[in-house]
$ cat entry-v7.pdb   # PDB, C-alpha atoms
ATOM      1  CA  MET A   1      46.936  86.976  39.824  1.00  0.00           C
ATOM      2  CA  PRO A   2      45.619  88.774  42.948  1.00  0.00           C
ATOM      3  CA  LEU A   3      46.493  87.081  46.223  1.00  0.00           C
ATOM      4  CA  ILE A   4      42.850  87.401  47.347  1.00  0.00           C
ATOM      5  CA  GLU A   5      39.821  87.464  45.051  1.00  0.00           C
ATOM      6  CA  VAL A   6      36.342  87.799  46.550  1.00  0.00           C
ATOM      7  CA  SER A   7      33.307  87.699  44.260  1.00  0.00           C
ATOM      8  CA  GLY A   8      29.573  87.846  45.037  1.00  0.00           C
ATOM      9  CA  LEU A   9      30.262  86.788  48.625  1.00  0.00           C
ATOM     10  CA  GLY A  10      27.277  86.276  50.908  1.00  0.00           C
ATOM     11  CA  LYS A  11      26.711  84.639  54.278  1.00  0.00           C
ATOM     12  CA  THR A  12      23.298  83.680  55.683  1.00  0.00           C
ATOM     13  CA  VAL A  13      22.655  82.047  59.063  1.00  0.00           C
ATOM     14  CA  ALA A  14      19.582  81.123  61.083  1.00  0.00           C
ATOM     15  CA  ASP A  15      18.352  83.972  63.270  1.00  0.00           C
ATOM     16  CA  ALA A  16      19.218  82.959  66.831  1.00  0.00           C
ATOM     17  CA  GLY A  17      16.796  85.574  68.162  1.00  0.00           C
ATOM     18  CA  ALA A  18      13.639  83.805  66.993  1.00  0.00           C
ATOM     19  CA  ALA A  19      10.905  83.512  69.623  1.00  0.00           C
ATOM     20  CA  PRO A  20      10.409  80.094  71.279  1.00  0.00           C
ATOM     21  CA  GLY A  21       8.294  77.815  69.109  1.00  0.00           C
ATOM     22  CA  GLN A  22       8.914  79.873  65.975  1.00  0.00           C
ATOM     23  CA  ALA A  23      11.078  78.683  63.101  1.00  0.00           C
ATOM     24  CA  ALA A  24      14.368  80.533  62.852  1.00  0.00           C
ATOM     25  CA  ARG A  25      14.323  82.897  59.903  1.00  0.00           C
ATOM     26  CA  PRO A  26      17.375  83.351  57.696  1.00  0.00           C
ATOM     27  CA  LEU A  27      19.602  86.256  58.696  1.00  0.00           C
ATOM     28  CA  ASP A  28      21.853  87.781  56.038  1.00  0.00           C
ATOM     29  CA  ILE A  29      25.194  88.804  57.532  1.00  0.00           C
ATOM     30  CA  LEU A  30      27.054  89.589  54.296  1.00  0.00           C
ATOM     31  CA  HIS A  31      25.632  90.567  50.906  1.00  0.00           C
ATOM     32  CA  ASP A  32      27.387  90.497  47.522  1.00  0.00           C
ATOM     33  CA  ILE A  33      30.903  91.406  48.731  1.00  0.00           C
ATOM     34  CA  GLY A  34      33.543  91.714  46.041  1.00  0.00           C
ATOM     35  CA  PHE A  35      37.154  92.949  46.018  1.00  0.00           C
ATOM     36  CA  SER A  36      40.696  91.816  45.279  1.00  0.00           C
ATOM     37  CA  LEU A  37      44.062  92.421  46.954  1.00  0.00           C
ATOM     38  CA  GLU A  38      47.533  92.084  45.522  1.00  0.00           C
ATOM     39  CA  SER A  39      50.568  90.481  47.126  1.00  0.00           C
ATOM     40  CA  GLY A  40      52.183  92.753  49.713  1.00  0.00           C
ATOM     41  CA  GLU A  41      49.134  95.034  49.969  1.00  0.00           C
ATOM     42  CA  THR A  42      47.751  96.198  53.326  1.00  0.00           C
ATOM     43  CA  ALA A  43      43.995  96.483  53.846  1.00  0.00           C
ATOM     44  CA  ALA A  44      41.740  97.496  56.724  1.00  0.00           C
ATOM     45  CA  ILE A  45      38.153  96.295  57.114  1.00  0.00           C
ATOM     46  CA  VAL A  46      36.188  98.945  59.008  1.00  0.00           C
ATOM     47  CA  GLY A  47      32.592  99.307  60.101  1.00  0.00           C
ATOM     48  CA  ALA A  48      30.284  99.398  63.100  1.00  0.00           C
ATOM     49  CA  SER A  49      29.974  96.461  65.486  1.00  0.00           C
ATOM     50  CA  GLY A  50      27.768  93.787  63.962  1.00  0.00           C
ATOM     51  CA  SER A  51      28.404  94.924  60.386  1.00  0.00           C
ATOM     52  CA  GLY A  52      29.990  91.604  59.397  1.00  0.00           C
ATOM     53  CA  LYS A  53      33.693  92.468  59.583  1.00  0.00           C
ATOM     54  CA  SER A  54      34.827  89.456  61.619  1.00  0.00           C
ATOM     55  CA  THR A  55      32.573  87.154  59.608  1.00  0.00           C
ATOM     56  CA  LEU A  56      34.288  88.357  56.433  1.00  0.00           C
ATOM     57  CA  LEU A  57      37.725  87.794  57.959  1.00  0.00           C
ATOM     58  CA  GLY A  58      36.769  84.240  58.963  1.00  0.00           C
ATOM     59  CA  LEU A  59      35.635  83.549  55.391  1.00  0.00           C
ATOM     60  CA  LEU A  60      38.955  84.860  54.030  1.00  0.00           C
ATOM     61  CA  ALA A  61      40.732  82.384  56.316  1.00  0.00           C
ATOM     62  CA  GLY A  62      38.513  79.471  55.357  1.00  0.00           C
ATOM     63  CA  LEU A  63      37.392  79.128  58.972  1.00  0.00           C
ATOM     64  CA  ASP A  64      33.826  79.314  57.656  1.00  0.00           C
ATOM     65  CA  LEU A  65      32.270  78.791  54.234  1.00  0.00           C
ATOM     66  CA  PRO A  66      30.141  81.311  52.317  1.00  0.00           C
ATOM     67  CA  SER A  67      26.483  80.768  51.529  1.00  0.00           C
ATOM     68  CA  ARG A  68      27.031  82.373  48.136  1.00  0.00           C
ATOM     69  CA  GLY A  69      29.958  83.558  46.031  1.00  0.00           C
ATOM     70  CA  THR A  70      33.622  82.657  46.136  1.00  0.00           C
ATOM     71  CA  VAL A  71      36.804  83.393  48.059  1.00  0.00           C
ATOM     72  CA  ARG A  72      40.032  82.590  46.252  1.00  0.00           C
ATOM     73  CA  VAL A  73      43.394  82.686  48.030  1.00  0.00           C
ATOM     74  CA  MET A  74      46.416  82.313  45.750  1.00  0.00           C
ATOM     75  CA  GLY A  75      44.009  81.172  43.037  1.00  0.00           C
ATOM     76  CA  GLN A  76      42.453  78.440  45.180  1.00  0.00           C
ATOM     77  CA  ASP A  77      38.682  78.464  45.727  1.00  0.00           C
ATOM     78  CA  LEU A  78      38.379  77.793  49.465  1.00  0.00           C
ATOM     79  CA  ALA A  79      34.897  76.281  49.133  1.00  0.00           C
ATOM     80  CA  ALA A  80      36.264  73.688  46.701  1.00  0.00           C
ATOM     81  CA  LEU A  81      38.503  72.281  49.445  1.00  0.00           C
ATOM     82  CA  ASP A  82      37.389  69.938  52.203  1.00  0.00           C
ATOM     83  CA  GLU A  83      38.111  70.786  55.836  1.00  0.00           C
ATOM     84  CA  ASP A  84      41.521  69.103  55.764  1.00  0.00           C
ATOM     85  CA  GLY A  85      42.411  70.890  52.547  1.00  0.00           C
ATOM     86  CA  ARG A  86      41.517  74.289  54.001  1.00  0.00           C
ATOM     87  CA  ALA A  87      43.522  73.513  57.148  1.00  0.00           C
ATOM     88  CA  ALA A  88      46.523  72.554  55.013  1.00  0.00           C
ATOM     89  CA  LEU A  89      46.250  75.799  53.034  1.00  0.00           C
ATOM     90  CA  ARG A  90      46.031  77.828  56.255  1.00  0.00           C
ATOM     91  CA  SER A  91      49.121  76.114  57.638  1.00  0.00           C
ATOM     92  CA  ARG A  92      51.120  77.057  54.536  1.00  0.00           C
ATOM     93  CA  ALA A  93      49.695  80.361  53.422  1.00  0.00           C
ATOM     94  CA  ILE A  94      47.696  82.125  56.164  1.00  0.00           C
ATOM     95  CA  GLY A  95      48.666  83.562  59.536  1.00  0.00           C
ATOM     96  CA  PHE A  96      45.897  84.695  61.904  1.00  0.00           C
ATOM     97  CA  VAL A  97      46.240  87.111  64.843  1.00  0.00           C
ATOM     98  CA  PHE A  98      43.263  86.911  67.204  1.00  0.00           C
ATOM     99  CA  GLN A  99      42.179  89.639  69.598  1.00  0.00           C
ATOM    100  CA  SER A 100      42.216  87.176  72.502  1.00  0.00           C
ATOM    101  CA  PHE A 101      45.650  85.715  71.622  1.00  0.00           C
ATOM    102  CA  HIS A 102      44.615  82.001  71.677  1.00  0.00           C
ATOM    103  CA  LEU A 103      47.937  80.837  73.093  1.00  0.00           C
ATOM    104  CA  LEU A 104      48.140  77.336  74.573  1.00  0.00           C
ATOM    105  CA  GLY A 105      48.612  77.699  78.319  1.00  0.00           C
ATOM    106  CA  HIS A 106      50.637  74.502  78.779  1.00  0.00           C
ATOM    107  CA  LEU A 107      53.237  75.582  76.202  1.00  0.00           C
ATOM    108  CA  THR A 108      55.972  78.173  76.619  1.00  0.00           C
ATOM    109  CA  ALA A 109      56.239  81.212  74.355  1.00  0.00           C
ATOM    110  CA  LEU A 110      58.830  79.400  72.252  1.00  0.00           C
ATOM    111  CA  GLU A 111      56.740  76.224  72.060  1.00  0.00           C
ATOM    112  CA  ASN A 112      53.624  78.183  71.043  1.00  0.00           C
ATOM    113  CA  VAL A 113      55.507  79.703  68.114  1.00  0.00           C
ATOM    114  CA  MET A 114      57.228  76.438  67.146  1.00  0.00           C
ATOM    115  CA  LEU A 115      53.869  74.654  67.092  1.00  0.00           C
ATOM    116  CA  ALA A 116      52.836  76.618  63.988  1.00  0.00           C
ATOM    117  CA  LEU A 117      55.883  75.221  62.172  1.00  0.00           C
ATOM    118  CA  GLU A 118      55.355  71.702  63.477  1.00  0.00           C
ATOM    119  CA  LEU A 119      51.745  71.710  62.223  1.00  0.00           C
ATOM    120  CA  ARG A 120      52.627  73.177  58.849  1.00  0.00           C
ATOM    121  CA  VAL A 121      51.798  70.897  55.934  1.00  0.00           C
ATOM    122  CA  PRO A 122      54.703  71.106  53.446  1.00  0.00           C
ATOM    123  CA  GLU A 123      54.120  71.683  49.756  1.00  0.00           C
ATOM    124  CA  ALA A 124      54.423  68.683  47.453  1.00  0.00           C
ATOM    125  CA  GLY A 125      58.076  67.770  47.091  1.00  0.00           C
ATOM    126  CA  GLN A 126      59.154  69.715  50.179  1.00  0.00           C
ATOM    127  CA  GLN A 127      60.445  68.199  53.403  1.00  0.00           C
ATOM    128  CA  LYS A 128      59.028  69.025  56.802  1.00  0.00           C
ATOM    129  CA  MET A 129      61.202  71.431  58.764  1.00  0.00           C
ATOM    130  CA  SER A 130      63.416  69.759  61.367  1.00  0.00           C
ATOM    131  CA  TYR A 131      63.050  70.496  65.078  1.00  0.00           C
ATOM    132  CA  ALA A 132      66.360  72.401  65.073  1.00  0.00           C
ATOM    133  CA  GLN A 133      65.315  74.515  62.103  1.00  0.00           C
ATOM    134  CA  ALA A 134      61.908  75.238  63.633  1.00  0.00           C
ATOM    135  CA  ARG A 135      63.483  76.243  66.929  1.00  0.00           C
ATOM    136  CA  GLU A 136      66.006  78.515  65.247  1.00  0.00           C
ATOM    137  CA  ARG A 137      63.337  80.325  63.251  1.00  0.00           C
ATOM    138  CA  ALA A 138      60.987  80.660  66.239  1.00  0.00           C
ATOM    139  CA  VAL A 139      63.758  82.040  68.460  1.00  0.00           C
ATOM    140  CA  ALA A 140      64.779  84.558  65.790  1.00  0.00           C
ATOM    141  CA  LEU A 141      61.235  85.866  65.413  1.00  0.00           C
ATOM    142  CA  LEU A 142      60.611  86.086  69.168  1.00  0.00           C
ATOM    143  CA  GLU A 143      63.836  88.053  69.441  1.00  0.00           C
ATOM    144  CA  ARG A 144      62.581  90.284  66.630  1.00  0.00           C
ATOM    145  CA  VAL A 145      59.439  91.152  68.617  1.00  0.00           C
ATOM    146  CA  GLY A 146      61.462  91.845  71.758  1.00  0.00           C
ATOM    147  CA  LEU A 147      60.867  88.631  73.702  1.00  0.00           C
ATOM    148  CA  SER A 148      64.346  87.104  73.800  1.00  0.00           C
ATOM    149  CA  GLU A 149      64.148  87.006  77.604  1.00  0.00           C
ATOM    150  CA  ARG A 150      60.707  85.356  77.633  1.00  0.00           C
ATOM    151  CA  LEU A 151      61.260  82.227  75.516  1.00  0.00           C
ATOM    152  CA  GLY A 152      60.646  79.809  78.394  1.00  0.00           C
ATOM    153  CA  HIS A 153      57.757  81.712  79.966  1.00  0.00           C
ATOM    154  CA  TYR A 154      54.209  80.389  79.950  1.00  0.00           C
ATOM    155  CA  PRO A 155      51.326  82.652  78.823  1.00  0.00           C
ATOM    156  CA  ARG A 156      50.033  83.127  82.383  1.00  0.00           C
ATOM    157  CA  THR A 157      53.346  84.790  83.319  1.00  0.00           C
ATOM    158  CA  LEU A 158      53.296  87.189  80.358  1.00  0.00           C
ATOM    159  CA  SER A 159      51.564  90.563  80.120  1.00  0.00           C
ATOM    160  CA  GLY A 160      48.814  91.136  77.585  1.00  0.00           C
ATOM    161  CA  GLY A 161      51.218  92.942  75.265  1.00  0.00           C
ATOM    162  CA  GLU A 162      53.773  90.153  75.545  1.00  0.00           C
ATOM    163  CA  GLN A 163      51.129  87.529  74.796  1.00  0.00           C
ATOM    164  CA  GLN A 164      50.022  89.454  71.708  1.00  0.00           C
ATOM    165  CA  ARG A 165      53.644  89.650  70.528  1.00  0.00           C
ATOM    166  CA  VAL A 166      53.930  85.874  70.936  1.00  0.00           C
ATOM    167  CA  ALA A 167      50.737  85.525  68.884  1.00  0.00           C
ATOM    168  CA  LEU A 168      52.200  87.856  66.264  1.00  0.00           C
ATOM    169  CA  ALA A 169      55.418  85.823  66.095  1.00  0.00           C
ATOM    170  CA  ARG A 170      53.364  82.632  65.776  1.00  0.00           C
ATOM    171  CA  ALA A 171      51.376  84.105  62.885  1.00  0.00           C
ATOM    172  CA  PHE A 172      54.490  85.254  61.015  1.00  0.00           C
ATOM    173  CA  VAL A 173      56.828  82.319  61.743  1.00  0.00           C
ATOM    174  CA  THR A 174      55.588  80.300  58.755  1.00  0.00           C
ATOM    175  CA  GLU A 175      56.217  83.364  56.555  1.00  0.00           C
ATOM    176  CA  PRO A 176      52.646  83.237  55.203  1.00  0.00           C
ATOM    177  CA  PRO A 177      51.709  85.117  52.031  1.00  0.00           C
ATOM    178  CA  LEU A 178      48.561  86.301  53.851  1.00  0.00           C
ATOM    179  CA  LEU A 179      48.247  87.640  57.399  1.00  0.00           C
ATOM    180  CA  LEU A 180      44.797  88.256  58.897  1.00  0.00           C
ATOM    181  CA  ALA A 181      44.281  90.141  62.168  1.00  0.00           C
ATOM    182  CA  ASP A 182      40.974  90.578  64.037  1.00  0.00           C
ATOM    183  CA  GLU A 183      41.083  93.691  66.254  1.00  0.00           C
ATOM    184  CA  PRO A 184      44.675  92.807  67.225  1.00  0.00           C
ATOM    185  CA  THR A 185      44.963  95.630  69.763  1.00  0.00           C
ATOM    186  CA  GLY A 186      41.453  95.461  71.236  1.00  0.00           C
ATOM    187  CA  SER A 187      42.690  93.925  74.518  1.00  0.00           C
ATOM    188  CA  LEU A 188      45.741  96.170  74.887  1.00  0.00           C
ATOM    189  CA  ASP A 189      46.397  99.620  76.308  1.00  0.00           C
ATOM    190  CA  ALA A 190      47.108 102.397  73.804  1.00  0.00           C
ATOM    191  CA  ALA A 191      50.906 102.383  74.103  1.00  0.00           C
ATOM    192  CA  THR A 192      51.247  98.590  73.912  1.00  0.00           C
ATOM    193  CA  GLY A 193      48.723  98.429  71.068  1.00  0.00           C
ATOM    194  CA  ALA A 194      50.661 101.014  69.063  1.00  0.00           C
ATOM    195  CA  ALA A 195      53.892  99.033  69.532  1.00  0.00           C
ATOM    196  CA  VAL A 196      52.223  95.804  68.375  1.00  0.00           C
ATOM    197  CA  ILE A 197      50.776  97.512  65.289  1.00  0.00           C
ATOM    198  CA  ASP A 198      54.160  99.023  64.415  1.00  0.00           C
ATOM    199  CA  MET A 199      55.716  95.557  64.581  1.00  0.00           C
ATOM    200  CA  MET A 200      52.927  94.132  62.427  1.00  0.00           C
ATOM    201  CA  PHE A 201      53.585  96.652  59.662  1.00  0.00           C
ATOM    202  CA  GLU A 202      57.348  96.173  59.956  1.00  0.00           C
ATOM    203  CA  LEU A 203      56.997  92.413  59.568  1.00  0.00           C
ATOM    204  CA  ASN A 204      54.601  92.969  56.674  1.00  0.00           C
ATOM    205  CA  ARG A 205      57.188  95.082  54.882  1.00  0.00           C
ATOM    206  CA  ASP A 206      60.027  92.655  55.586  1.00  0.00           C
ATOM    207  CA  ARG A 207      58.114  89.510  54.599  1.00  0.00           C
ATOM    208  CA  ARG A 208      56.009  91.110  51.802  1.00  0.00           C
ATOM    209  CA  SER A 209      52.920  89.437  53.226  1.00  0.00           C
ATOM    210  CA  THR A 210      49.476  90.744  52.349  1.00  0.00           C
ATOM    211  CA  LEU A 211      48.031  92.156  55.576  1.00  0.00           C
ATOM    212  CA  VAL A 212      44.272  92.369  56.201  1.00  0.00           C
ATOM    213  CA  LEU A 213      43.072  93.639  59.564  1.00  0.00           C
ATOM    214  CA  VAL A 214      39.701  94.337  61.139  1.00  0.00           C
ATOM    215  CA  THR A 215      39.683  97.516  63.194  1.00  0.00           C
ATOM    216  CA  HIS A 216      37.453 100.242  64.626  1.00  0.00           C
ATOM    217  CA  ASP A 217      40.418 102.644  64.619  1.00  0.00           C
ATOM    218  CA  ARG A 218      40.246 104.938  61.598  1.00  0.00           C
ATOM    219  CA  ALA A 219      43.770 106.235  62.222  1.00  0.00           C
ATOM    220  CA  LEU A 220      45.069 102.669  62.068  1.00  0.00           C
ATOM    221  CA  ALA A 221      42.979 101.962  58.967  1.00  0.00           C
ATOM    222  CA  ALA A 222      44.498 105.015  57.271  1.00  0.00           C
ATOM    223  CA  ARG A 223      47.938 103.403  57.526  1.00  0.00           C
ATOM    224  CA  CYS A 224      46.771 100.686  55.120  1.00  0.00           C
ATOM    225  CA  SER A 225      46.891 101.037  51.343  1.00  0.00           C
ATOM    226  CA  THR A 226      43.216 100.028  51.046  1.00  0.00           C
ATOM    227  CA  ILE A 227      40.229 100.623  53.350  1.00  0.00           C
ATOM    228  CA  LEU A 228      37.154  98.407  52.920  1.00  0.00           C
ATOM    229  CA  SER A 229      34.083  99.916  54.606  1.00  0.00           C
ATOM    230  CA  ILE A 230      31.342  97.451  55.595  1.00  0.00           C
ATOM    231  CA  GLN A 231      27.862  98.691  56.486  1.00  0.00           C
ATOM    232  CA  ALA A 232      25.040  96.294  57.381  1.00  0.00           C
ATOM    233  CA  GLY A 233      26.854  93.473  55.645  1.00  0.00           C
ATOM    234  CA  ARG A 234      27.475  95.331  52.400  1.00  0.00           C
ATOM    235  CA  LEU A 235      30.677  96.747  50.980  1.00  0.00           C
ATOM    236  CA  HIS A 236      29.885 100.447  51.246  1.00  0.00           C
ATOM    237  CA  GLY A 237      33.126 101.743  49.775  1.00  0.00           C
ATOM    238  CA  VAL A 238      36.774 101.122  48.950  1.00  0.00           C
ATOM    239  CA  GLU A 239      39.191 103.943  49.793  1.00  0.00           C
ATOM    240  CA  SER A 240      42.926 104.462  49.614  1.00  0.00           C
ATOM    241  CA  GLY A 241      44.804 104.974  52.863  1.00  0.00           C
ATOM    242  CA  THR A 242      47.534 107.526  53.453  1.00  0.00           C
ATOM    243  CA  VAL A 243      50.483 105.204  52.795  1.00  0.00           C
TER     244      VAL A 243
END
$ encode --input "entry-v7.pdb" --output "structure tokens"
Amino acid sequence: MPLIEVSGLGKTVADAGAAPGQAARPLDILHDIGFSLESGETAAIVGASGSGKSTLLGLLAGLDLPSRGTVRVMGQDLAALDEDGRAALRSRAIGFVFQSFHLLGHLTALENVMLALELRVPEAGQQKMSYAQARERAVALLERVGLSERLGHYPRTLSGGEQQRVALARAFVTEPPLLLADEPTGSLDAATGAAVIDMMFELNRDRRSTLVLVTHDRALAARCSTILSIQAGRLHGVESGTV
């Protein structure tokens, strides 16, 4: 069974640009998207700004629901779950790396990473991870991304690259089968961005997670096994990368 199955996916919203006094017309953001990805595969979603890339990524995470079609993650139709059910699935199976980090400013780097484990909903029959276990795993992963000396630092005292590495550790700490990343290097300089991407692929190989990232960088996209090209909300093509 593919880890991700997308079939006939469409998303329509009200046009926010309607003139005052006029009814908002429907605006199609995505049209009839379909693809599947296997466990451990890496995929890049590429396309011009406004083509629907981030909308598609949000639908894969269950952060939004489609207007048409289905998204299945590990065989589960996301639209068939209520909001709590989708949140529970995300906590167990999906890690998300945002361009703007989304770290909690009142928590240290270690606490930000541990929070993902504390919020994780265990599978039926499993026990929730203890504080000591969560701390041990979070420390190990922060050490892995080169932040062993920054465990007690708050986000405001970390550089942009360090914050993104904390966000990366947070996304991977639950060892999710699926990792989604939305322009993960968009706020970083070239050297720091390259280091973060290298770590992302290393963690993908070690954990055998399926990695899906949105990017404008064709060189980065070429490192993925599959390239999904989106144009004007439609899947224009599926290519193989250079890996």
$ resolve_selection --input "entry-v7.pdb" --expression "the PyMOL selection byres ((chain A and resi 40-46) around 6)" --output "PyMOL selection string"
chain A and resi 38-39+47+208-216+221+224-229
$ closest_residue --input "entry-v7.pdb" --among "A:Arg92, A:Lys128, A:Arg170, A:Arg156" --to "A:Leu115" --atoms "only C-alpha atoms"
A:Arg170
$ residues_around --input "entry-v7.pdb" --residues "A:Glu149" --least-positions-apart "5" --cutoff "12 Å" --atoms "only C-alpha atoms" --output "PyMOL selection string"
chain A and resi 109-110+139+142-144+158+162
$ resolve_selection --input "entry-v7.pdb" --expression "the PyMOL selection byres ((chain A and resi 187) around 8)" --output "VMD selection string"
chain A and resid 99 to 100 160 184 to 186 188 to 189
$ closest_residue --input "entry-v7.pdb" --among "A:Ala140, A:Ile94, A:Leu27, A:Leu78" --to "A:Leu178" --atoms "only C-alpha atoms"
A:Ile94
$ residues_around --input "entry-v7.pdb" --residues "A:Gly75" --least-positions-apart "4" --cutoff "9 Å" --atoms "all atoms listed in the file" --output "number ranges by chain"
A: 1-5
$ write_last_selection --input "entry-v7.pdb" --atoms "C-alpha atoms" --output "PDB file, keeping the file's coordinate frame"
ATOM      1  CA  MET A   1      46.936  86.976  39.824  1.00  0.00           C
ATOM      2  CA  PRO A   2      45.619  88.774  42.948  1.00  0.00           C
ATOM      3  CA  LEU A   3      46.493  87.081  46.223  1.00  0.00           C
ATOM      4  CA  ILE A   4      42.850  87.401  47.347  1.00  0.00           C
ATOM      5  CA  GLU A   5      39.821  87.464  45.051  1.00  0.00           C
TER       6      GLU A   5
END
$ resolve_selection --input "entry-v7.pdb" --expression "the PyMOL selection byres ((chain A and resi 60-73) around 9)" --output "PyMOL selection string"
chain A and resi 2-13+31-34+55-59+74-79+83+86-87+89-90+93-96+178+180
$ residues_near_point --input "entry-v7.pdb" --point "(56.9, 77.3, 59.8)" --cutoff "12 Å" --atoms "all atoms listed in the file" --output "ChimeraX atom specification"
/A:90-95,112-123,127-138,141,169-176
$ write_last_selection --input "entry-v7.pdb" --atoms "C-alpha atoms" --output "mmCIF file, keeping the file's coordinate frame"
data_model
loop_
_atom_site.group_PDB
_atom_site.id
_atom_site.type_symbol
_atom_site.label_atom_id
_atom_site.label_comp_id
_atom_site.auth_asym_id
_atom_site.auth_seq_id
_atom_site.Cartn_x
_atom_site.Cartn_y
_atom_site.Cartn_z
ATOM 1 C CA ARG A 90 46.031 77.828 56.255
ATOM 2 C CA SER A 91 49.121 76.114 57.638
ATOM 3 C CA ARG A 92 51.120 77.057 54.536
ATOM 4 C CA ALA A 93 49.695 80.361 53.422
ATOM 5 C CA ILE A 94 47.696 82.125 56.164
ATOM 6 C CA GLY A 95 48.666 83.562 59.536
ATOM 7 C CA ASN A 112 53.624 78.183 71.043
ATOM 8 C CA VAL A 113 55.507 79.703 68.114
ATOM 9 C CA MET A 114 57.228 76.438 67.146
ATOM 10 C CA LEU A 115 53.869 74.654 67.092
ATOM 11 C CA ALA A 116 52.836 76.618 63.988
ATOM 12 C CA LEU A 117 55.883 75.221 62.172
ATOM 13 C CA GLU A 118 55.355 71.702 63.477
ATOM 14 C CA LEU A 119 51.745 71.710 62.223
ATOM 15 C CA ARG A 120 52.627 73.177 58.849
ATOM 16 C CA VAL A 121 51.798 70.897 55.934
ATOM 17 C CA PRO A 122 54.703 71.106 53.446
ATOM 18 C CA GLU A 123 54.120 71.683 49.756
ATOM 19 C CA GLN A 127 60.445 68.199 53.403
ATOM 20 C CA LYS A 128 59.028 69.025 56.802
ATOM 21 C CA MET A 129 61.202 71.431 58.764
ATOM 22 C CA SER A 130 63.416 69.759 61.367
ATOM 23 C CA TYR A 131 63.050 70.496 65.078
ATOM 24 C CA ALA A 132 66.360 72.401 65.073
ATOM 25 C CA GLN A 133 65.315 74.515 62.103
ATOM 26 C CA ALA A 134 61.908 75.238 63.633
ATOM 27 C CA ARG A 135 63.483 76.243 66.929
ATOM 28 C CA GLU A 136 66.006 78.515 65.247
ATOM 29 C CA ARG A 137 63.337 80.325 63.251
ATOM 30 C CA ALA A 138 60.987 80.660 66.239
ATOM 31 C CA LEU A 141 61.235 85.866 65.413
ATOM 32 C CA ALA A 169 55.418 85.823 66.095
ATOM 33 C CA ARG A 170 53.364 82.632 65.776
ATOM 34 C CA ALA A 171 51.376 84.105 62.885
ATOM 35 C CA PHE A 172 54.490 85.254 61.015
ATOM 36 C CA VAL A 173 56.828 82.319 61.743
ATOM 37 C CA THR A 174 55.588 80.300 58.755
ATOM 38 C CA GLU A 175 56.217 83.364 56.555
ATOM 39 C CA PRO A 176 52.646 83.237 55.203
#
$ closest_residue --input "entry-v7.pdb" --among "A:Ala14, A:Ala167, A:Ile29, A:Val196" --to "A:Ala232" --atoms "only C-alpha atoms"
A:Ile29
$ atom_distance --input "entry-v7.pdb" --atom1 "atom CA of A:Ser54" --atom2 "atom CA of A:Asp206"
26.1 Å
$ atom_distance --input "entry-v7.pdb" --atom1 "atom CA of A:Lys53" --atom2 "atom CA of A:Ile230"
6.8 Å
$ atom_distance --input "entry-v7.pdb" --atom1 "atom CA of A:Phe35" --atom2 "atom CA of A:Ala194"
27.9 Å
